[in-house]
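What follows is a single structure, written as structure tokens, with notes after it.
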Amino acid sequence: MTAPVRQALIVRGGWEGHAPVETTELFRPGLADAGFEVTVAEDLDVYRDEALLARTDLVVQCWTGGTLTRQQSEGLRRAVHAGTGLAGWHGGLVATFADDHEYLRMVGGLFLFHPAEFVDHRVRIEADHPIVAGIGDFTVHTEQYWMLSDARNEVLATTVVDPADGGQGEGVVGMPVVWTRQWGRGRIFFSAIGHRIEDLRQPEVHTLTARGLVWASR
């Protein structure tokens, strides 16, 4: 007997600097291997399609910048609250729709700042969770996101911001890098790493991101 196929919807677009097509295509084969039938939308009006979202188990969003209409925002938020998972990385989830406070409240955070250049920074695994199981602390060379985040997030990984960029040195609570959260019956996964496709190809980053997408699914 064939197992039921889960439905994944990739919503991609916005600022091309985050390579929304190339980065989402990187994870498409893994979603198929995990039993998802994948649909791609490059128009935010897909969030107005109530019937489609109701049968969607996972939305993978990679859309930096832009604005959601009230109907688009309400459609996405209703679907997640009802059980559709939402997952994404970097600016595609938290550097977008900045004027939509209800959207930001749902995803649990907002990007504020990063140093002007790529920097080496350590990512510290902070939780016992299947998304990061077997992954030790690792270093990335990319943008280091300064985030505002909801205290109710389950933070799976952090980084320490250099004092020159407003950090307070070692021994303090780190800046969130990876988190999960619940919104109604829906699960949400976010990772701050992923400015460029090379970041997402790094083995630790690719593994935790691919796991996070599947974890968030209904």
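Labeling convention for the structure tokens: chains A, B, ... as they appear, residues from 1 per chain, ligands from 1 in order of appearance.
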
All alpha helix (DSSP H) positions in region 9-113 of chain A, as a PyMOL selection string: chain A and resi 20-33+50-54+70-82+91-94+101-107

Who sits within 9 Å of Val94 (chain A), only C-alpha atoms, same chain under 5 positions skipped, as a ChimeraX atom specification: /A:64,88-89,104,107-111,147,190,192

I want to know what sits within 12 Å of Gly91 (chain A), based on only C-alpha atoms, with residues of the same chain fewer than 5 positions away left out; could you give that as an NGL selection string? :A and (12-20 or 61-66 or 96-98 or 109-114 or 143-147 or 190-196)

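Closest to Ala32 (chain A) among A:Val5, A:Val11, A:Leu52, A:Arg78 is A:Val5, based on only C-alpha atoms.
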
Quick one: residues within 12 Å of Gly134 (chain A), only C-alpha atoms, excluding same-chain residues fewer than 5 positions away - as a short mmCIF file (atom, residue, chain, number, x, y, z; two decimals) with C-alpha atoms, in the first residue's frame?
```cif
data_model
loop_
_atom_site.label_atom_id
_atom_site.label_comp_id
_atom_site.auth_asym_id
_atom_site.auth_seq_id
_atom_site.Cartn_x
_atom_site.Cartn_y
_atom_site.Cartn_z
CA ILE A 125 23.70 24.27 18.96
CA ALA A 127 18.85 22.27 22.09
CA ASP A 128 18.22 18.55 21.98
CA HIS A 129 15.95 18.46 18.94
CA GLU A 204 25.58 21.37 8.57
CA THR A 207 21.13 19.15 6.90
CA LEU A 208 19.41 21.27 9.53
#
```

How many Å separate CA of Leu9 (chain A) from CA of Leu58 (chain A)? 6.2 Å

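As for CA of Gly85 (chain A) and CA of Pro203 (chain A), they are spaced 23.8 Å apart.
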
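Here CA of Asp99 (chain A) and CA of Val21 (chain A) stand 24.4 Å from one another.
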
Residue contacts of region 177-186 of chain A (6 Å, only C-alpha atoms) excluding same-chain residues fewer than 6 positions away, as an mmCIF file with N, CA, C and O atoms, in the first residue's frame:
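See result-v4.cif below for the written result:
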```
data_model
loop_
_atom_site.group_PDB
_atom_site.id
_atom_site.type_symbol
_atom_site.label_atom_id
_atom_site.label_comp_id
_atom_site.auth_asym_id
_atom_site.auth_seq_id
_atom_site.Cartn_x
_atom_site.Cartn_y
_atom_site.Cartn_z
ATOM 1 N N VAL A 80 -1.880 28.450 8.400
ATOM 2 C CA VAL A 80 -0.904 27.983 9.402
ATOM 3 C C VAL A 80 -1.607 27.693 10.724
ATOM 4 O O VAL A 80 -1.356 26.664 11.360
ATOM 5 N N HIS A 81 -2.489 28.562 11.135
ATOM 6 C CA HIS A 81 -3.193 28.344 12.391
ATOM 7 C C HIS A 81 -3.994 27.043 12.358
ATOM 8 O O HIS A 81 -4.161 26.370 13.384
ATOM 9 N N ALA A 82 -4.461 26.663 11.174
ATOM 10 C CA ALA A 82 -5.249 25.438 11.035
ATOM 11 C C ALA A 82 -4.390 24.184 10.888
ATOM 12 O O ALA A 82 -4.931 23.079 10.909
ATOM 13 N N GLY A 83 -3.071 24.350 10.711
ATOM 14 C CA GLY A 83 -2.208 23.174 10.686
ATOM 15 C C GLY A 83 -1.202 23.091 9.565
ATOM 16 O O GLY A 83 -0.341 22.203 9.570
ATOM 17 N N THR A 84 -1.275 23.973 8.579
ATOM 18 C CA THR A 84 -0.270 23.982 7.512
ATOM 19 C C THR A 84 1.063 24.461 8.076
ATOM 20 O O THR A 84 1.134 25.500 8.728
ATOM 21 N N GLY A 85 2.133 23.720 7.831
ATOM 22 C CA GLY A 85 3.445 24.130 8.306
ATOM 23 C C GLY A 85 4.009 25.269 7.474
ATOM 24 O O GLY A 85 3.678 25.418 6.292
ATOM 25 N N ASN A 153 9.736 31.407 21.137
ATOM 26 C CA ASN A 153 10.402 30.537 20.171
ATOM 27 C C ASN A 153 11.210 29.480 20.900
ATOM 28 O O ASN A 153 11.804 29.756 21.949
ATOM 29 N N GLU A 154 11.288 28.283 20.329
ATOM 30 C CA GLU A 154 12.248 27.295 20.819
ATOM 31 C C GLU A 154 13.529 27.486 20.011
ATOM 32 O O GLU A 154 13.592 27.123 18.830
ATOM 33 N N VAL A 155 14.530 28.066 20.636
ATOM 34 C CA VAL A 155 15.772 28.393 19.937
ATOM 35 C C VAL A 155 16.660 27.155 19.899
ATOM 36 O O VAL A 155 17.023 26.600 20.939
ATOM 37 N N LEU A 156 17.033 26.751 18.676
ATOM 38 C CA LEU A 156 17.862 25.563 18.510
ATOM 39 C C LEU A 156 19.337 25.900 18.331
ATOM 40 O O LEU A 156 20.196 25.058 18.589
ATOM 41 N N ALA A 157 19.643 27.127 17.888
ATOM 42 C CA ALA A 157 21.033 27.521 17.677
ATOM 43 C C ALA A 157 21.153 29.033 17.830
ATOM 44 O O ALA A 157 20.219 29.772 17.521
ATOM 45 N N THR A 158 22.320 29.465 18.309
ATOM 46 C CA THR A 158 22.580 30.887 18.522
ATOM 47 C C THR A 158 23.960 31.250 18.002
ATOM 48 O O THR A 158 24.768 30.388 17.656
ATOM 49 N N ALA A 192 18.374 31.544 10.144
ATOM 50 C CA ALA A 192 18.882 32.819 9.642
ATOM 51 C C ALA A 192 19.943 32.656 8.567
ATOM 52 O O ALA A 192 20.301 33.623 7.900
#
```

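Among the candidates A:Arg211, A:Arg28, A:Arg124, A:Arg201, the one nearest to Pro176 (chain A) when counting only C-alpha atoms is A:Arg124.
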